[in-house]
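Chemist: Hey, dropping target.pdb in here, PDB, C-alpha atoms:
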```pdb
ATOM      1  CA  MET A  10     149.552 209.640 103.329  1.00  0.00           C
ATOM      2  CA  ASN A  11     146.105 209.686 104.946  1.00  0.00           C
ATOM      3  CA  MET A  12     146.194 206.532 107.092  1.00  0.00           C
ATOM      4  CA  ALA A  13     142.520 206.919 108.045  1.00  0.00           C
ATOM      5  CA  GLY A  14     141.548 206.882 104.399  1.00  0.00           C
ATOM      6  CA  VAL A  15     143.647 203.769 103.761  1.00  0.00           C
ATOM      7  CA  SER A  16     142.097 202.021 106.759  1.00  0.00           C
ATOM      8  CA  LYS A  17     138.574 202.727 105.538  1.00  0.00           C
ATOM      9  CA  ARG A  18     139.432 201.451 102.045  1.00  0.00           C
ATOM     10  CA  GLN A  19     140.863 198.263 103.552  1.00  0.00           C
ATOM     11  CA  GLN A  20     137.684 197.740 105.603  1.00  0.00           C
ATOM     12  CA  LYS A  21     135.560 198.146 102.518  1.00  0.00           C
ATOM     13  CA  LYS A  22     137.667 195.592 100.658  1.00  0.00           C
ATOM     14  CA  ALA A  23     137.353 193.169 103.571  1.00  0.00           C
ATOM     15  CA  MET A  24     133.549 193.400 103.661  1.00  0.00           C
ATOM     16  CA  PRO A  25     131.769 191.151 101.149  1.00  0.00           C
ATOM     17  CA  PRO A  26     129.245 192.798  98.852  1.00  0.00           C
ATOM     18  CA  PRO A  27     125.615 192.492 100.038  1.00  0.00           C
ATOM     19  CA  ASP A  28     124.693 189.995  97.328  1.00  0.00           C
ATOM     20  CA  THR A  29     127.538 187.604  98.078  1.00  0.00           C
ATOM     21  CA  MET A  30     126.427 183.970  97.943  1.00  0.00           C
ATOM     22  CA  TYR A  31     127.877 181.408 100.328  1.00  0.00           C
ATOM     23  CA  CYS A  32     128.177 177.736  99.572  1.00  0.00           C
ATOM     24  CA  GLU A  33     127.246 175.010 102.036  1.00  0.00           C
ATOM     25  CA  GLN A  34     130.875 174.361 102.937  1.00  0.00           C
ATOM     26  CA  GLN A  35     131.355 177.952 104.138  1.00  0.00           C
ATOM     27  CA  ILE A  36     128.448 177.924 106.642  1.00  0.00           C
ATOM     28  CA  ASN A  37     128.749 175.949 109.845  1.00  0.00           C
ATOM     29  CA  ILE A  38     125.267 174.773 110.870  1.00  0.00           C
ATOM     30  CA  PRO A  39     125.135 173.021 114.278  1.00  0.00           C
ATOM     31  CA  PRO A  40     124.007 169.465 113.562  1.00  0.00           C
ATOM     32  CA  GLU A  41     121.317 169.565 116.287  1.00  0.00           C
ATOM     33  CA  LEU A  42     119.773 172.837 115.080  1.00  0.00           C
ATOM     34  CA  PRO A  43     117.384 171.422 112.432  1.00  0.00           C
ATOM     35  CA  ASP A  44     115.823 168.956 114.885  1.00  0.00           C
ATOM     36  CA  ILE A  45     115.546 171.616 117.616  1.00  0.00           C
ATOM     37  CA  LEU A  46     113.699 173.945 115.246  1.00  0.00           C
ATOM     38  CA  LYS A  47     111.529 171.099 113.962  1.00  0.00           C
ATOM     39  CA  GLN A  48     110.461 170.046 117.463  1.00  0.00           C
ATOM     40  CA  PHE A  49     109.901 173.679 118.461  1.00  0.00           C
ATOM     41  CA  THR A  50     107.667 174.285 115.452  1.00  0.00           C
ATOM     42  CA  LYS A  51     105.626 171.144 116.099  1.00  0.00           C
ATOM     43  CA  ALA A  52     105.212 172.099 119.776  1.00  0.00           C
ATOM     44  CA  ALA A  53     104.079 175.618 118.829  1.00  0.00           C
ATOM     45  CA  ILE A  54     101.493 174.239 116.413  1.00  0.00           C
ATOM     46  CA  ARG A  55     100.151 171.786 119.013  1.00  0.00           C
ATOM     47  CA  THR A  56     100.046 174.350 121.817  1.00  0.00           C
ATOM     48  CA  GLN A  57      98.761 177.378 119.859  1.00  0.00           C
ATOM     49  CA  PRO A  58     100.042 179.993 122.377  1.00  0.00           C
ATOM     50  CA  HIS A  59      98.389 183.410 122.392  1.00  0.00           C
ATOM     51  CA  ASP A  60     101.775 185.133 122.631  1.00  0.00           C
ATOM     52  CA  ILE A  61     104.287 183.193 120.563  1.00  0.00           C
ATOM     53  CA  LEU A  62     107.300 185.221 121.742  1.00  0.00           C
ATOM     54  CA  GLN A  63     106.469 184.854 125.434  1.00  0.00           C
ATOM     55  CA  TRP A  64     105.788 181.154 125.002  1.00  0.00           C
ATOM     56  CA  SER A  65     108.992 180.690 122.984  1.00  0.00           C
ATOM     57  CA  ALA A  66     111.039 182.205 125.810  1.00  0.00           C
ATOM     58  CA  ALA A  67     109.465 179.741 128.265  1.00  0.00           C
ATOM     59  CA  TYR A  68     109.988 176.865 125.815  1.00  0.00           C
ATOM     60  CA  PHE A  69     113.697 177.419 125.237  1.00  0.00           C
ATOM     61  CA  SER A  70     114.289 178.221 128.907  1.00  0.00           C
ATOM     62  CA  ALA A  71     112.787 174.843 129.858  1.00  0.00           C
ATOM     63  CA  LEU A  72     114.693 173.119 127.066  1.00  0.00           C
ATOM     64  CA  SER A  73     118.027 174.538 128.206  1.00  0.00           C
ATOM     65  CA  LYS A  74     117.364 173.437 131.815  1.00  0.00           C
ATOM     66  CA  GLY A  75     116.073 170.001 130.942  1.00  0.00           C
ATOM     67  CA  ASP A  76     112.661 170.845 132.442  1.00  0.00           C
ATOM     68  CA  THR A  77     109.267 169.698 131.186  1.00  0.00           C
ATOM     69  CA  LEU A  78     108.406 171.738 128.103  1.00  0.00           C
ATOM     70  CA  PRO A  79     105.328 174.011 128.086  1.00  0.00           C
ATOM     71  CA  ALA A  80     103.818 172.097 125.166  1.00  0.00           C
ATOM     72  CA  LYS A  81     100.615 170.129 124.683  1.00  0.00           C
ATOM     73  CA  ASP A  82     100.747 166.473 123.689  1.00  0.00           C
ATOM     74  CA  ARG A  83      98.386 167.109 120.792  1.00  0.00           C
ATOM     75  CA  LEU A  84      96.428 169.875 119.102  1.00  0.00           C
ATOM     76  CA  GLU A  85      93.409 170.730 121.223  1.00  0.00           C
ATOM     77  CA  MET A  86      90.126 171.389 119.452  1.00  0.00           C
ATOM     78  CA  PRO A  87      87.564 173.763 121.041  1.00  0.00           C
ATOM     79  CA  VAL A  88      84.864 172.016 123.069  1.00  0.00           C
ATOM     80  CA  ALA A  89      81.330 173.305 122.629  1.00  0.00           C
ATOM     81  CA  THR A  90      80.481 172.903 126.321  1.00  0.00           C
ATOM     82  CA  GLN A  91      83.660 174.556 127.546  1.00  0.00           C
ATOM     83  CA  LYS A  92      83.574 178.114 128.830  1.00  0.00           C
ATOM     84  CA  THR A  93      85.255 180.324 126.265  1.00  0.00           C
ATOM     85  CA  ASP A  94      86.383 182.988 128.717  1.00  0.00           C
ATOM     86  CA  THR A  95      88.486 180.845 131.046  1.00  0.00           C
ATOM     87  CA  GLY A  96      91.782 180.948 129.191  1.00  0.00           C
ATOM     88  CA  LEU A  97      92.642 177.640 130.829  1.00  0.00           C
ATOM     89  CA  THR A  98      91.938 174.485 128.806  1.00  0.00           C
ATOM     90  CA  PRO A  99      92.238 170.779 129.659  1.00  0.00           C
ATOM     91  CA  GLY A 100      95.368 170.576 127.509  1.00  0.00           C
ATOM     92  CA  LEU A 101      97.053 173.520 129.241  1.00  0.00           C
ATOM     93  CA  LEU A 102      96.097 172.241 132.696  1.00  0.00           C
ATOM     94  CA  LYS A 103      97.668 168.913 131.740  1.00  0.00           C
ATOM     95  CA  VAL A 104     100.871 170.740 130.776  1.00  0.00           C
ATOM     96  CA  LEU A 105     100.920 172.506 134.154  1.00  0.00           C
ATOM     97  CA  HIS A 106     100.345 169.183 135.894  1.00  0.00           C
ATOM     98  CA  LYS A 107     103.306 167.580 134.130  1.00  0.00           C
ATOM     99  CA  GLN A 108     105.474 170.559 135.040  1.00  0.00           C
ATOM    100  CA  LEU A 109     104.461 170.966 138.683  1.00  0.00           C
ATOM    101  CA  ALA A 110     103.002 167.706 140.049  1.00  0.00           C
ATOM    102  CA  PRO A 111     106.363 166.026 140.794  1.00  0.00           C
ATOM    103  CA  LYS A 112     107.009 168.561 143.583  1.00  0.00           C
ATOM    104  CA  GLU A 113     103.627 168.096 145.338  1.00  0.00           C
ATOM    105  CA  THR A 114     104.061 171.481 147.057  1.00  0.00           C
ATOM    106  CA  ILE A 115     105.088 174.425 144.879  1.00  0.00           C
ATOM    107  CA  SER A 116     105.810 178.083 145.451  1.00  0.00           C
ATOM    108  CA  LYS A 117     103.426 180.775 144.311  1.00  0.00           C
ATOM    109  CA  GLU A 118     106.250 182.331 142.305  1.00  0.00           C
ATOM    110  CA  GLU A 119     106.906 179.105 140.415  1.00  0.00           C
ATOM    111  CA  LEU A 120     103.218 178.680 139.602  1.00  0.00           C
ATOM    112  CA  GLN A 121     103.041 182.259 138.335  1.00  0.00           C
ATOM    113  CA  GLN A 122     106.078 181.656 136.126  1.00  0.00           C
ATOM    114  CA  LYS A 123     104.660 178.487 134.550  1.00  0.00           C
ATOM    115  CA  TRP A 124     101.259 180.117 134.161  1.00  0.00           C
ATOM    116  CA  LYS A 125     102.804 183.096 132.372  1.00  0.00           C
ATOM    117  CA  GLY A 126     104.869 180.784 130.173  1.00  0.00           C
ATOM    118  CA  LEU A 127     101.624 179.319 128.824  1.00  0.00           C
ATOM    119  CA  CYS A 128     100.285 182.835 128.127  1.00  0.00           C
ATOM    120  CA  LEU A 129      97.332 182.361 130.486  1.00  0.00           C
ATOM    121  CA  PRO A 130      95.559 185.430 131.935  1.00  0.00           C
ATOM    122  CA  SER A 131      96.956 186.541 135.288  1.00  0.00           C
ATOM    123  CA  GLU A 132      93.460 187.565 136.412  1.00  0.00           C
ATOM    124  CA  GLN A 133      92.302 183.962 136.282  1.00  0.00           C
ATOM    125  CA  LEU A 134      95.262 182.794 138.327  1.00  0.00           C
ATOM    126  CA  ASP A 135      94.577 185.473 140.932  1.00  0.00           C
ATOM    127  CA  THR A 136      90.952 184.324 141.142  1.00  0.00           C
ATOM    128  CA  LEU A 137      91.911 180.678 141.676  1.00  0.00           C
ATOM    129  CA  LEU A 138      94.532 181.566 144.284  1.00  0.00           C
ATOM    130  CA  ALA A 139      92.008 183.684 146.174  1.00  0.00           C
ATOM    131  CA  LEU A 140      89.338 180.977 145.929  1.00  0.00           C
ATOM    132  CA  GLY A 141      91.682 178.421 147.447  1.00  0.00           C
ATOM    133  CA  ASN A 142      93.025 180.903 149.997  1.00  0.00           C
ATOM    134  CA  PHE A 143      96.558 179.832 149.097  1.00  0.00           C
ATOM    135  CA  ASN A 144      99.660 181.368 150.640  1.00  0.00           C
ATOM    136  CA  ASP A 145     103.208 181.265 149.265  1.00  0.00           C
ATOM    137  CA  ASN A 146     103.300 177.448 149.452  1.00  0.00           C
ATOM    138  CA  ILE A 147     100.658 175.714 147.335  1.00  0.00           C
ATOM    139  CA  HIS A 148      99.592 172.069 147.433  1.00  0.00           C
ATOM    140  CA  TRP A 149      99.560 171.300 143.733  1.00  0.00           C
ATOM    141  CA  MET A 150      96.670 168.791 143.685  1.00  0.00           C
ATOM    142  CA  GLN A 151      94.434 171.267 145.472  1.00  0.00           C
ATOM    143  CA  PHE A 152      95.200 173.908 142.877  1.00  0.00           C
ATOM    144  CA  PHE A 153      94.740 171.286 140.171  1.00  0.00           C
ATOM    145  CA  ALA A 154      91.254 170.569 141.548  1.00  0.00           C
ATOM    146  CA  LEU A 155      90.391 174.264 141.324  1.00  0.00           C
ATOM    147  CA  GLY A 156      91.766 174.338 137.795  1.00  0.00           C
ATOM    148  CA  CYS A 157      89.384 171.524 136.885  1.00  0.00           C
ATOM    149  CA  SER A 158      86.523 173.460 138.474  1.00  0.00           C
ATOM    150  CA  ALA A 159      87.375 176.412 136.218  1.00  0.00           C
ATOM    151  CA  LEU A 160      86.751 174.170 133.224  1.00  0.00           C
ATOM    152  CA  GLY A 161      83.260 173.161 134.347  1.00  0.00           C
ATOM    153  CA  GLY A 162      80.547 174.695 136.481  1.00  0.00           C
ATOM    154  CA  THR A 163      79.863 171.722 138.755  1.00  0.00           C
ATOM    155  CA  ILE A 164      81.867 169.370 140.930  1.00  0.00           C
ATOM    156  CA  ILE A 165      80.960 166.428 138.708  1.00  0.00           C
ATOM    157  CA  SER A 166      82.264 168.296 135.645  1.00  0.00           C
ATOM    158  CA  ALA A 167      85.478 169.113 137.502  1.00  0.00           C
ATOM    159  CA  LEU A 168      85.928 165.436 138.432  1.00  0.00           C
ATOM    160  CA  LYS A 169      85.336 164.345 134.836  1.00  0.00           C
ATOM    161  CA  TYR A 170      88.022 166.738 133.637  1.00  0.00           C
ATOM    162  CA  ALA A 171      90.343 165.462 136.357  1.00  0.00           C
ATOM    163  CA  CYS A 172      89.883 161.863 135.213  1.00  0.00           C
ATOM    164  CA  GLU A 173      90.438 162.784 131.562  1.00  0.00           C
ATOM    165  CA  ILE A 174      93.578 164.790 132.331  1.00  0.00           C
ATOM    166  CA  LEU A 175      95.150 162.406 134.833  1.00  0.00           C
ATOM    167  CA  THR A 176      94.338 159.072 133.212  1.00  0.00           C
ATOM    168  CA  GLU A 177      97.208 157.009 131.898  1.00  0.00           C
ATOM    169  CA  ASN A 178      94.923 155.076 129.566  1.00  0.00           C
ATOM    170  CA  GLU A 179      95.182 155.666 125.849  1.00  0.00           C
ATOM    171  CA  GLU A 180      92.927 158.279 124.288  1.00  0.00           C
ATOM    172  CA  GLY A 181      89.480 156.846 123.626  1.00  0.00           C
ATOM    173  CA  GLY A 182      89.697 154.371 126.500  1.00  0.00           C
ATOM    174  CA  ALA A 183      88.087 154.656 129.919  1.00  0.00           C
ATOM    175  CA  ALA A 184      89.442 157.694 131.752  1.00  0.00           C
ATOM    176  CA  ARG A 185      90.440 156.013 135.027  1.00  0.00           C
ATOM    177  CA  ILE A 186      92.436 157.315 137.980  1.00  0.00           C
ATOM    178  CA  PRO A 187      93.351 155.811 141.380  1.00  0.00           C
ATOM    179  CA  PHE A 188      90.556 155.994 143.938  1.00  0.00           C
ATOM    180  CA  ASP A 189      92.811 157.732 146.486  1.00  0.00           C
ATOM    181  CA  THR A 190      93.514 160.523 143.983  1.00  0.00           C
ATOM    182  CA  PHE A 191      89.814 160.846 143.189  1.00  0.00           C
ATOM    183  CA  LYS A 192      88.919 160.859 146.868  1.00  0.00           C
ATOM    184  CA  GLY A 193      91.379 163.669 147.588  1.00  0.00           C
ATOM    185  CA  LEU A 194      90.090 165.833 144.723  1.00  0.00           C
ATOM    186  CA  TYR A 195      86.424 165.294 145.522  1.00  0.00           C
ATOM    187  CA  THR A 196      86.828 165.808 149.268  1.00  0.00           C
ATOM    188  CA  TYR A 197      88.738 169.051 148.729  1.00  0.00           C
ATOM    189  CA  LEU A 198      86.182 170.488 146.284  1.00  0.00           C
ATOM    190  CA  ALA A 199      83.203 169.368 148.366  1.00  0.00           C
ATOM    191  CA  GLN A 200      84.598 170.869 151.565  1.00  0.00           C
ATOM    192  CA  LEU A 201      85.578 174.055 149.750  1.00  0.00           C
ATOM    193  CA  ASP A 202      82.034 174.318 148.412  1.00  0.00           C
ATOM    194  CA  GLY A 203      80.772 174.416 151.996  1.00  0.00           C
ATOM    195  CA  GLU A 204      77.247 173.241 151.162  1.00  0.00           C
ATOM    196  CA  ILE A 205      77.794 169.488 151.114  1.00  0.00           C
ATOM    197  CA  PRO A 206      77.457 167.812 154.552  1.00  0.00           C
ATOM    198  CA  GLN A 207      80.284 165.506 155.610  1.00  0.00           C
ATOM    199  CA  ASP A 208      77.925 162.518 155.828  1.00  0.00           C
ATOM    200  CA  GLN A 209      76.951 163.098 152.174  1.00  0.00           C
ATOM    201  CA  ILE A 210      80.625 163.210 151.199  1.00  0.00           C
ATOM    202  CA  ASP A 211      81.283 159.949 153.033  1.00  0.00           C
ATOM    203  CA  SER A 212      78.142 158.341 151.574  1.00  0.00           C
ATOM    204  CA  PHE A 213      79.130 159.206 148.014  1.00  0.00           C
ATOM    205  CA  LEU A 214      82.638 157.819 148.427  1.00  0.00           C
ATOM    206  CA  SER A 215      81.272 154.634 150.010  1.00  0.00           C
ATOM    207  CA  SER A 216      78.887 154.161 147.070  1.00  0.00           C
ATOM    208  CA  LEU A 217      81.903 153.877 144.769  1.00  0.00           C
ATOM    209  CA  GLN A 218      83.669 151.152 146.738  1.00  0.00           C
ATOM    210  CA  GLU A 219      82.104 148.184 144.941  1.00  0.00           C
ATOM    211  CA  SER A 220      82.986 149.570 141.499  1.00  0.00           C
ATOM    212  CA  VAL A 221      86.472 150.524 142.688  1.00  0.00           C
ATOM    213  CA  GLU A 222      87.182 146.995 143.924  1.00  0.00           C
ATOM    214  CA  CYS A 223      86.046 145.515 140.600  1.00  0.00           C
ATOM    215  CA  GLN A 224      88.265 147.959 138.701  1.00  0.00           C
ATOM    216  CA  GLY A 225      91.492 147.310 140.563  1.00  0.00           C
ATOM    217  CA  GLY A 226      91.284 150.351 142.828  1.00  0.00           C
ATOM    218  CA  MET A 227      90.475 152.728 139.977  1.00  0.00           C
ATOM    219  CA  VAL A 228      87.592 155.162 139.407  1.00  0.00           C
ATOM    220  CA  GLN A 229      86.257 156.111 135.981  1.00  0.00           C
ATOM    221  CA  THR A 230      83.753 158.713 134.840  1.00  0.00           C
ATOM    222  CA  ALA A 231      81.031 156.123 134.265  1.00  0.00           C
ATOM    223  CA  ASN A 232      80.994 155.457 138.025  1.00  0.00           C
ATOM    224  CA  PHE A 233      79.719 158.923 138.912  1.00  0.00           C
ATOM    225  CA  ARG A 234      78.369 160.591 135.756  1.00  0.00           C
ATOM    226  CA  ASP A 235      74.736 160.390 136.960  1.00  0.00           C
ATOM    227  CA  VAL A 236      75.463 161.914 140.364  1.00  0.00           C
ATOM    228  CA  ILE A 237      74.175 165.470 140.811  1.00  0.00           C
ATOM    229  CA  PHE A 238      76.475 167.914 142.575  1.00  0.00           C
ATOM    230  CA  PRO A 239      75.809 171.614 143.203  1.00  0.00           C
ATOM    231  CA  GLU A 240      77.279 174.287 140.944  1.00  0.00           C
ATOM    232  CA  MET A 241      80.575 175.750 142.103  1.00  0.00           C
TER
END
```
Please express what this file holds, its structure, as structure tokens.
Modeler:
Amino acid sequence: MNMAGVSKRQQKKAMPPPDTMYCEQQINIPPELPDILKQFTKAAIRTQPHDILQWSAAYFSALSKGDTLPAKDRLEMPVATQKTDTGLTPGLLKVLHKQLAPKETISKEELQQKWKGLCLPSEQLDTLLALGNFNDNIHWMQFFALGCSALGGTIISALKYACEILTENEEGGAARIPFDTFKGLYTYLAQLDGEIPQDQIDSFLSSLQESVECQGGMVQTANFRDVIFPEM
């Protein structure tokens, strides 16, 4: 008897035909799977990544580690005044801030990983790193300030974006942030610009003190929207 032939016939009998239908009781679906896929789909729609596979890898990697997900809070509509060639958007910069701000100082490698996970162009990251003259250890709020400057061509535009991204107020309300945070961002950008004298920096910050005291130590865009800063 040809045992090989018998074995092959047994294997064929064991394999179900291609059109076999399974009932619900025969398929074990993990109970958490539907919600995982639902949340993933909603996050993908909100974030609109350029490379869905690359973003998905970053998403599920963060999910498995319990890290902040690379997902926007809401769908971001194009802004007419926003540069279209930056790659970075206010929504994506907010995602990076949620992911990296808790550490204050981050490694260049970690920033590159998060940046790649959001499918942002590496050339833009290289430009920002060179502009800030960063080494392997990066002060996150300084990089955040440069990210805001990439969204607008002036220091005042960068500060407006910073207030809108960092505010804890509900959407539609006044975009307010603590004065100390604002002071750090403005001072860094002004000194990096190199064309704003220190006495002008100090004078501008002093001019905000009265408004800051009336607003519980907070600064909002209305306090500085009429100030003219040089282009960056």
Chemist: Name the closest residue to Ala52 (chain A) among the candidates A:Ala199, A:Leu84, A:Leu101, A:Cys128; distances are taken between atoms, counting all atoms listed in the file.
Modeler: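 For Ala52 (chain A), the nearest of the candidates is A:Leu84.
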Chemist: If we count all atoms listed in the file and set the cut-off at 8 Å, which residues sit around Gly100 (chain A), ignoring sequence neighbours fewer than 2 positions away in its own chain? Please answer as a PDB file with C-alpha atoms, keeping the file's coordinate frame.
Modeler:
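Output below, filename selection.pdb:
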```
ATOM      1  CA  LYS A  81     100.615 170.129 124.683  1.00  0.00           C
ATOM      2  CA  ASP A  82     100.747 166.473 123.689  1.00  0.00           C
ATOM      3  CA  GLU A  85      93.409 170.730 121.223  1.00  0.00           C
ATOM      4  CA  THR A  98      91.938 174.485 128.806  1.00  0.00           C
ATOM      5  CA  LEU A 102      96.097 172.241 132.696  1.00  0.00           C
ATOM      6  CA  LYS A 103      97.668 168.913 131.740  1.00  0.00           C
ATOM      7  CA  VAL A 104     100.871 170.740 130.776  1.00  0.00           C
ATOM      8  CA  ILE A 174      93.578 164.790 132.331  1.00  0.00           C
TER       9      ILE A 174
END
```
Chemist: Leaving out region 135-145 of chain A and any residue of its chain fewer than 6 positions from it, which residues lie within 12 Å of it when counting all atoms listed in the file, given as a short mmCIF file (atom, residue, chain, number, x, y, z; two decimals) with C-alpha atoms, keeping the file's coordinate frame?
Modeler:
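Done, and the output landed in out_21.cif:
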```cif
data_model
loop_
_atom_site.label_atom_id
_atom_site.label_comp_id
_atom_site.auth_asym_id
_atom_site.auth_seq_id
_atom_site.Cartn_x
_atom_site.Cartn_y
_atom_site.Cartn_z
CA THR A 95 88.49 180.84 131.05
CA LEU A 97 92.64 177.64 130.83
CA THR A 114 104.06 171.48 147.06
CA ILE A 115 105.09 174.42 144.88
CA SER A 116 105.81 178.08 145.45
CA LYS A 117 103.43 180.78 144.31
CA GLU A 118 106.25 182.33 142.30
CA GLU A 119 106.91 179.10 140.42
CA LEU A 120 103.22 178.68 139.60
CA GLN A 121 103.04 182.26 138.34
CA TRP A 124 101.26 180.12 134.16
CA LEU A 129 97.33 182.36 130.49
CA GLN A 151 94.43 171.27 145.47
CA PHE A 152 95.20 173.91 142.88
CA PHE A 153 94.74 171.29 140.17
CA ALA A 154 91.25 170.57 141.55
CA LEU A 155 90.39 174.26 141.32
CA GLY A 156 91.77 174.34 137.79
CA CYS A 157 89.38 171.52 136.88
CA SER A 158 86.52 173.46 138.47
CA ALA A 159 87.38 176.41 136.22
CA LEU A 160 86.75 174.17 133.22
CA TYR A 197 88.74 169.05 148.73
CA LEU A 198 86.18 170.49 146.28
CA GLN A 200 84.60 170.87 151.56
CA LEU A 201 85.58 174.06 149.75
CA ASP A 202 82.03 174.32 148.41
CA MET A 241 80.58 175.75 142.10
#
```
Chemist: Each residue of region 119-238 of chain A with at least one atom at most 8 Å from region 56-79 of chain A should appear once, together with its nearest atom pair and the corresponding distance in Å (one decimal); atoms considered: all atoms listed in the file; ordering: chain, then increasing residue number; output as CSV.
Modeler:
```
residue,atom,partner,partner_atom,distance
A:Lys123,CA,A:Pro79,CA,7.9
A:Gly126,CA,A:Ala67,CA,5.1
A:Leu127,CA,A:Trp64,CA,5.9
A:Cys128,CA,A:His59,CA,6.1
```
Chemist: Quick one: distance from CA of Ser215 (chain A) to CA of Phe188 (chain A) in Å, one decimal?
Modeler: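 Between CA of Ser215 (chain A) and CA of Phe188 (chain A) the gap is 11.2 Å.
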Chemist: List, as a PDB file with C-alpha atoms, keeping the file's coordinate frame, every residue that the PyMOL selection byres ((chain A and resi 228) around 7) selects in the file provided.
Modeler:
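Contents of the output file out18.pdb:
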```pdb
ATOM      1  CA  ARG A 185      90.440 156.013 135.027  1.00  0.00           C
ATOM      2  CA  ILE A 186      92.436 157.315 137.980  1.00  0.00           C
ATOM      3  CA  PRO A 187      93.351 155.811 141.380  1.00  0.00           C
ATOM      4  CA  PHE A 188      90.556 155.994 143.938  1.00  0.00           C
ATOM      5  CA  VAL A 221      86.472 150.524 142.688  1.00  0.00           C
ATOM      6  CA  GLY A 226      91.284 150.351 142.828  1.00  0.00           C
ATOM      7  CA  MET A 227      90.475 152.728 139.977  1.00  0.00           C
ATOM      8  CA  GLN A 229      86.257 156.111 135.981  1.00  0.00           C
ATOM      9  CA  THR A 230      83.753 158.713 134.840  1.00  0.00           C
ATOM     10  CA  ASN A 232      80.994 155.457 138.025  1.00  0.00           C
TER      11      ASN A 232
END
```
Chemist: Please give the centre and size of the box around region 46-54 of chain A (axis-aligned, containing every atom listed in the file, 5 Å added per side), with values in Å to one decimal and written as lines of an AutoDock Vina configuration file.
Modeler:
```
center_x = 107.6
center_y = 172.8
center_z = 116.9
size_x = 22.2
size_y = 15.6
size_z = 15.8
```
Chemist: Rounded to one decimal, what separation in Å do you get between CA of Phe191 (chain A) and CA of Gly203 (chain A)?
Modeler: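 Separation of CA of Phe191 (chain A) and CA of Gly203 (chain A): 18.5 Å.
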Chemist: Between CA of Ala110 (chain A) and CA of Met150 (chain A), what distance in Å does the model show, to one decimal?
Modeler: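 It comes out at 7.4 Å.
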Chemist: Given the choices A:Leu109, A:Ala167, A:Tyr195, A:Glu132, which gets closest to Asp211 (chain A) if the distance is worked out from only C-alpha atoms?
Modeler: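 So, comparing all the options, the nearest one is A:Tyr195.
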Chemist: Rebuild region 117-128 of chain A so that it carries N, CA, C and O atoms, then output the result as a PDB file, in the frame of the given file.
Modeler:
```
ATOM      1  N   LYS A 117     104.311 179.908 145.089  1.00  0.00           N
ATOM      2  CA  LYS A 117     103.426 180.775 144.311  1.00  0.00           C
ATOM      3  C   LYS A 117     104.184 181.382 143.133  1.00  0.00           C
ATOM      4  O   LYS A 117     103.645 181.497 142.026  1.00  0.00           O
ATOM      5  N   GLU A 118     105.434 181.735 143.364  1.00  0.00           N
ATOM      6  CA  GLU A 118     106.250 182.331 142.305  1.00  0.00           C
ATOM      7  C   GLU A 118     106.457 181.359 141.148  1.00  0.00           C
ATOM      8  O   GLU A 118     106.386 181.746 139.976  1.00  0.00           O
ATOM      9  N   GLU A 119     106.695 180.093 141.468  1.00  0.00           N
ATOM     10  CA  GLU A 119     106.906 179.105 140.415  1.00  0.00           C
ATOM     11  C   GLU A 119     105.638 178.888 139.608  1.00  0.00           C
ATOM     12  O   GLU A 119     105.676 178.771 138.380  1.00  0.00           O
ATOM     13  N   LEU A 120     104.488 178.838 140.287  1.00  0.00           N
ATOM     14  CA  LEU A 120     103.218 178.680 139.602  1.00  0.00           C
ATOM     15  C   LEU A 120     102.966 179.860 138.676  1.00  0.00           C
ATOM     16  O   LEU A 120     102.530 179.692 137.531  1.00  0.00           O
ATOM     17  N   GLN A 121     103.242 181.062 139.152  1.00  0.00           N
ATOM     18  CA  GLN A 121     103.041 182.259 138.335  1.00  0.00           C
ATOM     19  C   GLN A 121     103.925 182.222 137.090  1.00  0.00           C
ATOM     20  O   GLN A 121     103.497 182.618 135.998  1.00  0.00           O
ATOM     21  N   GLN A 122     105.140 181.733 137.245  1.00  0.00           N
ATOM     22  CA  GLN A 122     106.078 181.656 136.126  1.00  0.00           C
ATOM     23  C   GLN A 122     105.580 180.667 135.070  1.00  0.00           C
ATOM     24  O   GLN A 122     105.601 180.974 133.863  1.00  0.00           O
ATOM     25  N   LYS A 123     105.149 179.484 135.493  1.00  0.00           N
ATOM     26  CA  LYS A 123     104.660 178.487 134.550  1.00  0.00           C
ATOM     27  C   LYS A 123     103.364 178.957 133.893  1.00  0.00           C
ATOM     28  O   LYS A 123     103.132 178.723 132.698  1.00  0.00           O
ATOM     29  N   TRP A 124     102.532 179.598 134.667  1.00  0.00           N
ATOM     30  CA  TRP A 124     101.259 180.117 134.161  1.00  0.00           C
ATOM     31  C   TRP A 124     101.521 181.164 133.068  1.00  0.00           C
ATOM     32  O   TRP A 124     100.900 181.127 131.998  1.00  0.00           O
ATOM     33  N   LYS A 125     102.444 182.059 133.338  1.00  0.00           N
ATOM     34  CA  LYS A 125     102.804 183.096 132.372  1.00  0.00           C
ATOM     35  C   LYS A 125     103.423 182.486 131.127  1.00  0.00           C
ATOM     36  O   LYS A 125     103.176 182.944 130.005  1.00  0.00           O
ATOM     37  N   GLY A 126     104.232 181.435 131.304  1.00  0.00           N
ATOM     38  CA  GLY A 126     104.869 180.784 130.173  1.00  0.00           C
ATOM     39  C   GLY A 126     103.875 180.190 129.196  1.00  0.00           C
ATOM     40  O   GLY A 126     104.174 180.048 128.001  1.00  0.00           O
ATOM     41  N   LEU A 127     102.678 179.847 129.682  1.00  0.00           N
ATOM     42  CA  LEU A 127     101.624 179.319 128.824  1.00  0.00           C
ATOM     43  C   LEU A 127     100.682 180.411 128.331  1.00  0.00           C
ATOM     44  O   LEU A 127      99.651 180.116 127.714  1.00  0.00           O
ATOM     45  N   CYS A 128     101.039 181.666 128.610  1.00  0.00           N
ATOM     46  CA  CYS A 128     100.285 182.835 128.127  1.00  0.00           C
ATOM     47  C   CYS A 128      98.846 182.848 128.647  1.00  0.00           C
ATOM     48  O   CYS A 128      97.920 183.289 127.961  1.00  0.00           O
TER      49      CYS A 128
END
```
